[in-house]
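Shown next: entry.pdb, given as PDB, C-alpha atoms.
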```pdb
ATOM      1  CA  MET Y 647       5.892  16.102  -9.278
ATOM      2  CA  ALA Y 648       3.874  12.881  -9.349
ATOM      3  CA  ARG Y 649       3.184  11.227 -12.677
ATOM      4  CA  GLN Y 650       0.515   8.886 -13.895
ATOM      5  CA  PRO Y 651       1.590   5.501 -15.304
ATOM      6  CA  GLY Y 652       1.444   6.944 -18.810
ATOM      7  CA  GLY Y 653       3.878   9.693 -17.880
ATOM      8  CA  THR Y 654       1.436  12.626 -17.710
ATOM      9  CA  ALA Y 655       2.301  15.002 -14.896
ATOM     10  CA  LEU Y 656      -0.278  15.209 -12.140
ATOM     11  CA  PRO Y 657      -1.071  18.564 -10.571
ATOM     12  CA  GLY Y 658      -0.609  18.326  -6.853
ATOM     13  CA  ALA Y 659       1.539  19.326  -3.931
ATOM     14  CA  ARG Y 660       4.377  20.949  -5.871
ATOM     15  CA  PHE Y 661       4.631  23.593  -3.158
ATOM     16  CA  VAL Y 662       5.271  21.048  -0.415
ATOM     17  CA  ASP Y 663       9.022  21.458  -0.063
ATOM     18  CA  PRO Y 664      10.284  19.345   2.876
ATOM     19  CA  LYS Y 665      12.209  22.354   4.208
ATOM     20  CA  VAL Y 666       8.960  24.327   4.278
ATOM     21  CA  LEU Y 667       7.204  21.472   6.074
ATOM     22  CA  ALA Y 668       9.936  21.455   8.700
ATOM     23  CA  ARG Y 669       8.912  24.980   9.722
ATOM     24  CA  ILE Y 670       5.237  24.127  10.255
ATOM     25  CA  GLY Y 671       5.832  22.201  13.473
ATOM     26  CA  ASN Y 672       2.250  20.923  13.852
ATOM     27  CA  LEU Y 673       1.786  17.496  12.259
ATOM     28  CA  ASP Y 674      -2.002  17.747  12.214
ATOM     29  CA  LEU Y 675      -1.900  21.048  10.332
ATOM     30  CA  LEU Y 676       0.861  19.759   8.075
ATOM     31  CA  ALA Y 677      -1.031  16.588   7.156
ATOM     32  CA  ARG Y 678      -4.288  18.395   6.429
ATOM     33  CA  ASN Y 679      -2.626  21.067   4.290
ATOM     34  CA  VAL Y 680      -0.538  18.603   2.305
ATOM     35  CA  VAL Y 681      -3.308  16.077   1.720
ATOM     36  CA  ASN Y 682      -6.042  18.593   0.941
ATOM     37  CA  GLY Y 683      -3.743  20.453  -1.436
ATOM     38  CA  PHE Y 684      -2.771  17.213  -3.126
ATOM     39  CA  ILE Y 685      -6.331  15.913  -3.466
ATOM     40  CA  ASN Y 686      -7.633  19.250  -4.723
ATOM     41  CA  GLY Y 687      -4.890  19.239  -7.334
ATOM     42  CA  LEU Y 688      -5.931  15.930  -8.831
ATOM     43  CA  HIS Y 689      -8.506  16.032 -11.587
ATOM     44  CA  ARG Y 690      -9.916  12.834 -10.140
ATOM     45  CA  ALA Y 691      -8.651  11.035  -7.058
ATOM     46  CA  PRO Y 692      -7.667   7.468  -8.132
ATOM     47  CA  TYR Y 693      -9.757   5.651  -5.546
ATOM     48  CA  PHE Y 694     -13.376   5.110  -4.490
ATOM     49  CA  GLY Y 695     -13.064   5.504  -0.772
ATOM     50  CA  ALA Y 696     -16.554   4.957   0.577
ATOM     51  CA  SER Y 697     -20.052   4.085  -0.514
ATOM     52  CA  ILE Y 698     -20.816   7.703  -1.407
ATOM     53  CA  ASP Y 699     -18.430   7.459  -4.385
ATOM     54  CA  PHE Y 700     -19.903   6.442  -7.726
ATOM     55  CA  ALA Y 701     -18.042   3.677  -9.575
ATOM     56  CA  GLU Y 702     -19.950   2.584 -12.711
ATOM     57  CA  HIS Y 703     -23.296   1.551 -14.214
ATOM     58  CA  ARG Y 704     -24.704  -1.903 -14.855
ATOM     59  CA  GLY Y 705     -27.933  -3.078 -16.389
ATOM     60  CA  TYR Y 706     -31.008  -3.259 -14.160
ATOM     61  CA  VAL Y 707     -32.152  -6.741 -13.114
ATOM     62  CA  PRO Y 708     -35.394  -7.630 -11.298
ATOM     63  CA  GLY Y 709     -34.944  -7.215  -7.551
ATOM     64  CA  ASP Y 710     -32.594  -4.207  -7.744
ATOM     65  CA  ASP Y 711     -33.489  -1.235  -5.575
ATOM     66  CA  ILE Y 712     -35.248   1.206  -7.929
ATOM     67  CA  ARG Y 713     -33.777   4.100  -5.913
ATOM     68  CA  ARG Y 714     -30.434   3.254  -7.518
ATOM     69  CA  VAL Y 715     -31.772   3.518 -11.083
ATOM     70  CA  ASP Y 716     -30.125   6.358 -13.009
ATOM     71  CA  TRP Y 717     -33.225   8.099 -14.335
ATOM     72  CA  ARG Y 718     -31.226  10.699 -16.265
ATOM     73  CA  LEU Y 719     -29.460   7.938 -18.155
ATOM     74  CA  TYR Y 720     -32.837   6.255 -18.748
ATOM     75  CA  ALA Y 721     -34.150   9.489 -20.286
ATOM     76  CA  ARG Y 722     -31.259   9.490 -22.751
ATOM     77  CA  THR Y 723     -31.148   5.781 -23.596
ATOM     78  CA  ASP Y 724     -34.638   4.470 -22.796
ATOM     79  CA  ARG Y 725     -32.925   1.692 -20.824
ATOM     80  CA  TYR Y 726     -32.672   1.031 -17.112
ATOM     81  CA  TYR Y 727     -29.220   1.234 -15.567
ATOM     82  CA  VAL Y 728     -28.280   0.945 -11.894
ATOM     83  CA  LYS Y 729     -25.575   3.048 -10.262
ATOM     84  CA  GLN Y 730     -22.921   0.920  -8.616
ATOM     85  CA  TYR Y 731     -20.832   2.083  -5.688
ATOM     86  CA  GLU Y 732     -17.681   0.700  -4.194
ATOM     87  CA  ALA Y 733     -18.234  -0.894  -0.794
ATOM     88  CA  ASP Y 734     -17.180   1.087   2.231
ATOM     89  CA  THR Y 735     -13.906  -0.618   3.202
ATOM     90  CA  ASN Y 736     -13.335   0.561   6.787
ATOM     91  CA  THR Y 737      -9.880  -0.925   6.498
ATOM     92  CA  ASN Y 738      -7.459  -1.417   9.371
ATOM     93  CA  PHE Y 739      -4.534   0.851   8.431
ATOM     94  CA  SER Y 740      -1.209   0.910  10.293
ATOM     95  CA  VAL Y 741       2.129   2.627   9.788
ATOM     96  CA  LEU Y 742       5.228   0.616  10.701
ATOM     97  CA  LEU Y 743       7.921   3.254  11.250
ATOM     98  CA  ASP Y 744      11.638   2.563  11.609
ATOM     99  CA  VAL Y 745      13.067   4.884  14.293
ATOM    100  CA  SER Y 746      16.569   3.396  14.430
ATOM    101  CA  LYS Y 747      19.639   5.658  14.718
ATOM    102  CA  SER Y 748      20.394   5.680  10.991
ATOM    103  CA  MET Y 749      17.000   7.320  10.396
ATOM    104  CA  GLY Y 750      18.335  10.417  12.169
ATOM    105  CA  PHE Y 751      20.762  11.169   9.347
ATOM    106  CA  THR Y 752      20.524  14.427   7.418
ATOM    107  CA  SER Y 753      22.829  16.202   4.992
ATOM    108  CA  GLY Y 754      21.148  19.549   5.555
ATOM    109  CA  GLY Y 755      17.372  19.248   5.134
ATOM    110  CA  PRO Y 756      14.916  17.282   7.261
ATOM    111  CA  SER Y 757      16.329  14.039   8.610
ATOM    112  CA  LYS Y 758      15.040  10.759   7.234
ATOM    113  CA  LEU Y 759      12.991  10.329  10.403
ATOM    114  CA  GLU Y 760      11.478  13.811  10.191
ATOM    115  CA  TYR Y 761      10.564  13.271   6.545
ATOM    116  CA  SER Y 762       9.104   9.857   7.399
ATOM    117  CA  CYS Y 763       6.993  11.418  10.151
ATOM    118  CA  TYR Y 764       5.608  13.966   7.669
ATOM    119  CA  LEU Y 765       4.783  11.114   5.307
ATOM    120  CA  ALA Y 766       3.241   8.965   8.039
ATOM    121  CA  ALA Y 767       1.061  11.863   9.253
ATOM    122  CA  CYS Y 768      -0.194  12.517   5.719
ATOM    123  CA  LEU Y 769      -0.963   8.857   5.053
ATOM    124  CA  ALA Y 770      -2.736   8.499   8.400
ATOM    125  CA  TYR Y 771      -4.841  11.561   7.596
ATOM    126  CA  LEU Y 772      -5.673  10.171   4.141
ATOM    127  CA  ALA Y 773      -6.770   6.883   5.722
ATOM    128  CA  HIS Y 774      -8.679   8.718   8.471
ATOM    129  CA  ARG Y 775     -10.671  10.755   5.966
ATOM    130  CA  GLN Y 776     -11.487   7.474   4.225
ATOM    131  CA  ARG Y 777     -13.012   6.404   7.570
ATOM    132  CA  ASP Y 778     -10.391   3.694   8.040
ATOM    133  CA  ARG Y 779      -9.146   2.651  11.466
ATOM    134  CA  VAL Y 780      -5.606   4.027  11.882
ATOM    135  CA  GLY Y 781      -2.714   2.885  14.054
ATOM    136  CA  ILE Y 782       1.072   2.900  14.241
ATOM    137  CA  ILE Y 783       4.031   0.848  15.466
ATOM    138  CA  THR Y 784       7.457   2.454  15.867
ATOM    139  CA  PHE Y 785      10.457   0.153  16.176
ATOM    140  CA  ASP Y 786      14.263  -0.007  16.241
ATOM    141  CA  ASP Y 787      15.663  -3.299  17.566
ATOM    142  CA  ALA Y 788      12.380  -3.761  19.470
ATOM    143  CA  ILE Y 789       8.885  -2.312  19.442
ATOM    144  CA  VAL Y 790       9.078   1.227  20.843
ATOM    145  CA  GLU Y 791       5.392   2.238  20.721
ATOM    146  CA  HIS Y 792       2.269   0.429  19.563
ATOM    147  CA  VAL Y 793      -1.050   2.169  18.857
ATOM    148  CA  PRO Y 794      -3.642  -0.386  17.647
ATOM    149  CA  SER Y 795      -5.805   0.532  14.660
ATOM    150  CA  SER Y 796      -8.949   2.377  15.708
ATOM    151  CA  ALA Y 797     -11.351   4.952  14.286
ATOM    152  CA  LYS Y 798     -10.500   7.142  17.301
ATOM    153  CA  HIS Y 799      -6.701   6.909  17.165
ATOM    154  CA  PHE Y 800      -5.737   9.480  14.533
ATOM    155  CA  ASN Y 801      -4.649  12.060  17.123
ATOM    156  CA  VAL Y 802      -2.846   9.360  19.122
ATOM    157  CA  VAL Y 803      -0.915   8.437  15.962
ATOM    158  CA  LEU Y 804       0.128  12.079  15.559
ATOM    159  CA  HIS Y 805       1.266  12.272  19.198
ATOM    160  CA  THR Y 806       3.313   9.102  18.672
ATOM    161  CA  LEU Y 807       4.977  10.641  15.626
ATOM    162  CA  ASP Y 808       5.733  13.798  17.612
ATOM    163  CA  ARG Y 809       7.597  11.683  20.168
ATOM    164  CA  ALA Y 810       9.534   9.583  17.635
ATOM    165  CA  ALA Y 811      13.307   9.826  18.125
ATOM    166  CA  ALA Y 812      16.208   7.997  16.482
ATOM    167  CA  THR Y 813      18.220   7.047  19.557
ATOM    168  CA  ARG Y 814      19.033   3.319  19.372
ATOM    169  CA  PRO Y 815      20.448   0.917  16.777
ATOM    170  CA  GLY Y 816      17.897  -0.976  14.732
ATOM    171  CA  ASN Y 817      17.299  -4.488  13.492
ATOM    172  CA  LEU Y 818      14.682  -5.150  10.834
ATOM    173  CA  SER Y 819      14.207  -8.699  12.084
ATOM    174  CA  VAL Y 820      11.825  -7.193  14.656
ATOM    175  CA  VAL Y 821       9.388  -6.559  11.781
ATOM    176  CA  ALA Y 822       8.740 -10.303  11.504
ATOM    177  CA  ARG Y 823       7.495 -10.273  15.102
ATOM    178  CA  LEU Y 824       4.985  -7.530  14.304
ATOM    179  CA  ALA Y 825       2.866 -10.064  12.400
ATOM    180  CA  GLU Y 826       1.266 -11.218  15.665
ATOM    181  CA  HIS Y 827      -0.411  -7.803  15.949
ATOM    182  CA  PHE Y 828      -2.173  -8.131  12.580
ATOM    183  CA  LYS Y 829      -4.280 -11.275  12.753
ATOM    184  CA  ARG Y 830      -7.060  -9.408  10.935
ATOM    185  CA  ARG Y 831      -6.203  -8.429   7.375
ATOM    186  CA  SER Y 832      -4.836  -4.880   7.333
ATOM    187  CA  MET Y 833      -3.247  -2.331   5.082
ATOM    188  CA  LEU Y 834       0.309  -1.794   6.320
ATOM    189  CA  VAL Y 835       2.750   0.942   5.339
ATOM    190  CA  LEU Y 836       6.384   0.201   6.213
ATOM    191  CA  ILE Y 837       8.743   3.215   6.221
ATOM    192  CA  SER Y 838      12.474   2.598   6.613
ATOM    193  CA  ASP Y 839      15.918   3.290   5.137
ATOM    194  CA  PHE Y 840      16.467  -0.491   4.854
ATOM    195  CA  TYR Y 841      20.063  -0.695   6.002
ATOM    196  CA  GLU Y 842      20.045  -4.480   5.723
ATOM    197  CA  GLU Y 843      20.840  -6.973   2.984
ATOM    198  CA  PRO Y 844      17.864  -7.380   0.589
ATOM    199  CA  ASP Y 845      17.373 -11.041   1.556
ATOM    200  CA  ALA Y 846      17.289 -10.131   5.248
ATOM    201  CA  VAL Y 847      14.772  -7.340   4.535
ATOM    202  CA  LEU Y 848      12.502  -9.721   2.665
ATOM    203  CA  ASP Y 849      12.763 -12.410   5.356
ATOM    204  CA  ALA Y 850      11.663  -9.828   7.935
ATOM    205  CA  ILE Y 851       8.697  -8.641   5.892
ATOM    206  CA  LYS Y 852       7.349 -11.898   4.467
ATOM    207  CA  PRO Y 853       5.416 -12.940   7.619
ATOM    208  CA  LEU Y 854       3.316  -9.767   7.318
ATOM    209  CA  ARG Y 855       2.561 -10.456   3.664
ATOM    210  CA  PHE Y 856       1.810 -14.150   4.135
ATOM    211  CA  LEU Y 857      -0.985 -13.313   6.579
ATOM    212  CA  GLY Y 858      -2.840 -11.651   3.692
ATOM    213  CA  ASN Y 859      -2.033  -8.069   4.633
ATOM    214  CA  ASP Y 860      -1.716  -5.451   1.902
ATOM    215  CA  LEU Y 861       1.805  -4.088   2.263
ATOM    216  CA  ILE Y 862       3.257  -0.849   0.915
ATOM    217  CA  VAL Y 863       6.945  -0.087   1.418
ATOM    218  CA  PHE Y 864       8.552   3.362   1.357
ATOM    219  CA  HIS Y 865      12.353   3.418   1.160
ATOM    220  CA  VAL Y 866      13.469   6.796   2.525
ATOM    221  CA  LEU Y 867      16.967   8.043   1.676
ATOM    222  CA  ASP Y 868      18.814  11.333   2.058
ATOM    223  CA  PRO Y 869      20.114  12.889  -1.198
ATOM    224  CA  ALA Y 870      23.691  12.487   0.052
ATOM    225  CA  GLU Y 871      23.096   8.740   0.398
ATOM    226  CA  LEU Y 872      21.947   8.584  -3.212
ATOM    227  CA  ASP Y 873      24.478  10.936  -4.823
ATOM    228  CA  PHE Y 874      27.454  10.773  -2.420
ATOM    229  CA  ALA Y 875      28.294  14.360  -3.320
ATOM    230  CA  TYR Y 876      31.307  14.642  -1.008
ATOM    231  CA  ASP Y 877      34.675  16.063  -2.016
ATOM    232  CA  ASP Y 878      36.982  16.159   0.994
ATOM    233  CA  PRO Y 879      38.558  13.091   2.647
ATOM    234  CA  SER Y 880      37.062  12.543   6.078
ATOM    235  CA  ALA Y 881      35.948   9.935   8.597
ATOM    236  CA  PHE Y 882      32.465   8.541   7.951
ATOM    237  CA  GLU Y 883      30.575   7.203  10.975
ATOM    238  CA  ASP Y 884      28.158   4.286  10.934
ATOM    239  CA  LEU Y 885      25.214   5.722  12.880
ATOM    240  CA  GLU Y 886      24.092   2.264  13.966
ATOM    241  CA  SER Y 887      27.410   0.933  15.317
ATOM    242  CA  GLY Y 888      29.367   4.155  15.872
ATOM    243  CA  GLU Y 889      32.291   2.756  13.862
ATOM    244  CA  GLN Y 890      34.305   5.367  11.950
ATOM    245  CA  ILE Y 891      35.956   4.680   8.602
ATOM    246  CA  PRO Y 892      38.368   7.057   6.775
ATOM    247  CA  VAL Y 893      37.091   7.650   3.228
ATOM    248  CA  VAL Y 894      38.479   9.432   0.167
ATOM    249  CA  PRO Y 895      35.295  10.282  -1.783
ATOM    250  CA  GLU Y 896      37.079  10.869  -5.089
ATOM    251  CA  SER Y 897      38.267   7.268  -5.243
ATOM    252  CA  LEU Y 898      35.111   5.619  -3.848
ATOM    253  CA  GLY Y 899      32.291   7.789  -5.201
ATOM    254  CA  ASP Y 900      31.539   5.796  -8.363
ATOM    255  CA  GLN Y 901      31.805   2.485  -6.518
ATOM    256  CA  TYR Y 902      29.431   3.713  -3.806
ATOM    257  CA  ARG Y 903      26.833   4.955  -6.303
ATOM    258  CA  THR Y 904      26.980   1.603  -8.097
ATOM    259  CA  LEU Y 905      26.442  -0.251  -4.823
ATOM    260  CA  ILE Y 906      23.465   1.886  -3.793
ATOM    261  CA  ARG Y 907      21.840   1.389  -7.223
ATOM    262  CA  GLU Y 908      22.346  -2.361  -6.954
ATOM    263  CA  HIS Y 909      20.887  -2.355  -3.450
ATOM    264  CA  THR Y 910      17.730  -0.431  -4.374
ATOM    265  CA  THR Y 911      17.275  -2.445  -7.569
ATOM    266  CA  ALA Y 912      17.546  -5.721  -5.628
ATOM    267  CA  LEU Y 913      14.975  -4.496  -3.091
ATOM    268  CA  ALA Y 914      12.578  -3.402  -5.835
ATOM    269  CA  THR Y 915      12.911  -6.763  -7.581
ATOM    270  CA  LYS Y 916      12.364  -8.845  -4.459
ATOM    271  CA  PHE Y 917       9.357  -6.785  -3.344
ATOM    272  CA  SER Y 918       7.830  -7.042  -6.810
ATOM    273  CA  GLU Y 919       8.220 -10.825  -6.794
ATOM    274  CA  HIS Y 920       6.120 -10.950  -3.615
ATOM    275  CA  ARG Y 921       3.566  -8.365  -4.821
ATOM    276  CA  ILE Y 922       4.690  -5.757  -2.331
ATOM    277  CA  ASP Y 923       4.438  -2.157  -3.554
ATOM    278  CA  TYR Y 924       7.806  -0.405  -3.298
ATOM    279  CA  THR Y 925       8.556   3.311  -3.628
ATOM    280  CA  GLN Y 926      11.948   4.963  -3.152
ATOM    281  CA  LEU Y 927      11.812   8.466  -1.670
ATOM    282  CA  ASN Y 928      14.368  11.274  -1.538
ATOM    283  CA  THR Y 929      14.048  13.541   1.514
ATOM    284  CA  ALA Y 930      14.766  16.585  -0.648
ATOM    285  CA  GLU Y 931      11.683  15.986  -2.799
ATOM    286  CA  PRO Y 932       7.993  16.832  -2.140
ATOM    287  CA  LEU Y 933       5.609  14.232  -0.771
ATOM    288  CA  ASP Y 934       3.263  14.079  -3.762
ATOM    289  CA  HIS Y 935       5.066  11.080  -5.289
ATOM    290  CA  ALA Y 936       4.576   9.113  -2.069
ATOM    291  CA  LEU Y 937       0.921  10.097  -1.775
ATOM    292  CA  PHE Y 938       0.167   9.106  -5.344
ATOM    293  CA  SER Y 939       1.931   5.756  -4.814
ATOM    294  CA  TYR Y 940      -0.236   5.140  -1.757
ATOM    295  CA  LEU Y 941      -3.482   6.010  -3.543
ATOM    296  CA  SER Y 942      -2.545   3.793  -6.484
ATOM    297  CA  SER Y 943      -1.804   0.900  -4.127
ATOM    298  CA  ARG Y 944      -5.076   1.456  -2.304
ATOM    299  CA  GLU Y 945      -7.000   1.405  -5.567
ATOM    300  CA  LYS Y 946      -5.447  -1.948  -6.508
ATOM    301  CA  MET Y 947      -6.184  -3.325  -3.037
ATOM    302  CA  MET Y 948      -9.846  -2.337  -3.205
ATOM    303  CA  HIS Y 949     -10.340  -3.959  -6.606
ATOM    304  CA  VAL Y 950      -8.786  -7.188  -5.272
ATOM    305  CA  ARG Y 951     -11.073  -7.096  -2.233
TER     306      ARG Y 951
END
```

How does this structure look as structure tokens?
Amino acid sequence: MARQPGGTALPGARFVDPKVLARIGNLDLLARNVVNGFINGLHRAPYFGASIDFAEHRGYVPGDDIRRVDWRLYARTDRYYVKQYEADTNTNFSVLLDVSKSMGFTSGGPSKLEYSCYLAACLAYLAHRQRDRVGIITFDDAIVEHVPSSAKHFNVVLHTLDRAAATRPGNLSVVARLAEHFKRRSMLVLISDFYEEPDAVLDAIKPLRFLGNDLIVFHVLDPAELDFAYDDPSAFEDLESGEQIPVVPESLGDQYRTLIREHTTALATKFSEHRIDYTQLNTAEPLDHALFSYLSSREKMMHVR
């Protein structure tokens, strides 16, 4: 369940079990149900999406439009106050989705790619209902599909997600080349399992950030990759290279869990240093944590703008 910065639990999409989502089959229906359930569960959505959303009052000054005077507040205070609204952003929003072979891994529930597609569909729907222009790029060791951001491309984004398949090895260095597609400042959501060294990940992402884009990163991992809850000796296969390695879990489990903690901590630190929002996701957990992270990032972005 998502939590506010102070630790208070937020009502939201507790019912959105990834295994339940896997049975829905229709990404449009899935996204609408998840997002609407999540938004309805919040006491107050943490963003002011468009100009119809009230933000705050300020004192009236000569020249202000009198239609924006809060006459009810005037009746209580005998002073003139003007209602202020957040500007309609109409942001360019794009999902950058890793579809490399390692994203096809699952230990029983939805694969990392399936979970990422659910997340991408929900975020695209959130952006679409904010009247943003939505788009998507899928990539492995090259760009697989590119849908430019547009107010009319929400359904095209969903069709692209429906076609996404983890069939080829990946290389995050391709992300650096995506910068040429975002000459206009955009809000970018990168979804990947980040099977690269932290320095290499940051080198790939920095060109996107340096162009002034607002970047949110979701690190998607299967519970088995986090907990390594294996008991029997067996051969483990690298999904990217196909190489098989014999492993005795009892002797390597603690070492593995230490390495994965160090890896995720290093990523979080490096992203924070470059003001990139980072959220780690477990494919066994509901999507509300990811949605709240996105809305929080969007709120910060809009205040900066």

Non-local contacts of stretch 912-928 of chain Y (9 Å; only C-alpha atoms; under 3 positions in same chain excluded) as number ranges by chain: Y: 758, 843-845, 847-848, 852, 855, 860-869, 872, 907-909, 931-933, 935-936, 939-940, 943

I need the chosen residues saved as a short mmCIF file (atom, residue, chain, number, x, y, z; two decimals), in the frame of the given file, with C-alpha atoms.
```cif
data_model
loop_
_atom_site.label_atom_id
_atom_site.label_comp_id
_atom_site.auth_asym_id
_atom_site.auth_seq_id
_atom_site.Cartn_x
_atom_site.Cartn_y
_atom_site.Cartn_z
CA LYS Y 758 15.04 10.76 7.23
CA GLU Y 843 20.84 -6.97 2.98
CA PRO Y 844 17.86 -7.38 0.59
CA ASP Y 845 17.37 -11.04 1.56
CA VAL Y 847 14.77 -7.34 4.54
CA LEU Y 848 12.50 -9.72 2.66
CA LYS Y 852 7.35 -11.90 4.47
CA ARG Y 855 2.56 -10.46 3.66
CA ASP Y 860 -1.72 -5.45 1.90
CA LEU Y 861 1.80 -4.09 2.26
CA ILE Y 862 3.26 -0.85 0.92
CA VAL Y 863 6.94 -0.09 1.42
CA PHE Y 864 8.55 3.36 1.36
CA HIS Y 865 12.35 3.42 1.16
CA VAL Y 866 13.47 6.80 2.52
CA LEU Y 867 16.97 8.04 1.68
CA ASP Y 868 18.81 11.33 2.06
CA PRO Y 869 20.11 12.89 -1.20
CA LEU Y 872 21.95 8.58 -3.21
CA ARG Y 907 21.84 1.39 -7.22
CA GLU Y 908 22.35 -2.36 -6.95
CA HIS Y 909 20.89 -2.36 -3.45
CA GLU Y 931 11.68 15.99 -2.80
CA PRO Y 932 7.99 16.83 -2.14
CA LEU Y 933 5.61 14.23 -0.77
CA HIS Y 935 5.07 11.08 -5.29
CA ALA Y 936 4.58 9.11 -2.07
CA SER Y 939 1.93 5.76 -4.81
CA TYR Y 940 -0.24 5.14 -1.76
CA SER Y 943 -1.80 0.90 -4.13
#
```

Gap from atom CA of Y:Ser795 to atom CA of Y:Thr929 - Å, one decimal: 27.1 Å

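As for atom CA of Y:Gly816 and atom CA of Y:Ser746, they are spaced 4.6 Å apart.
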
Nearest candidate to Y:Ser748 (options Y:Gln901, Y:Thr911, Y:Asp839, Y:Phe856; using only C-alpha atoms):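 Between Y:Gln901, Y:Thr911, Y:Asp839, Y:Phe856, the residue approaching Y:Ser748 most closely is Y:Asp839.
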
Y:Leu675 surroundings by all atoms listed in the file, 10 Å radius, close-in-sequence under 5 positions cut, as a ChimeraX atom specification: /Y:670,680,767-768
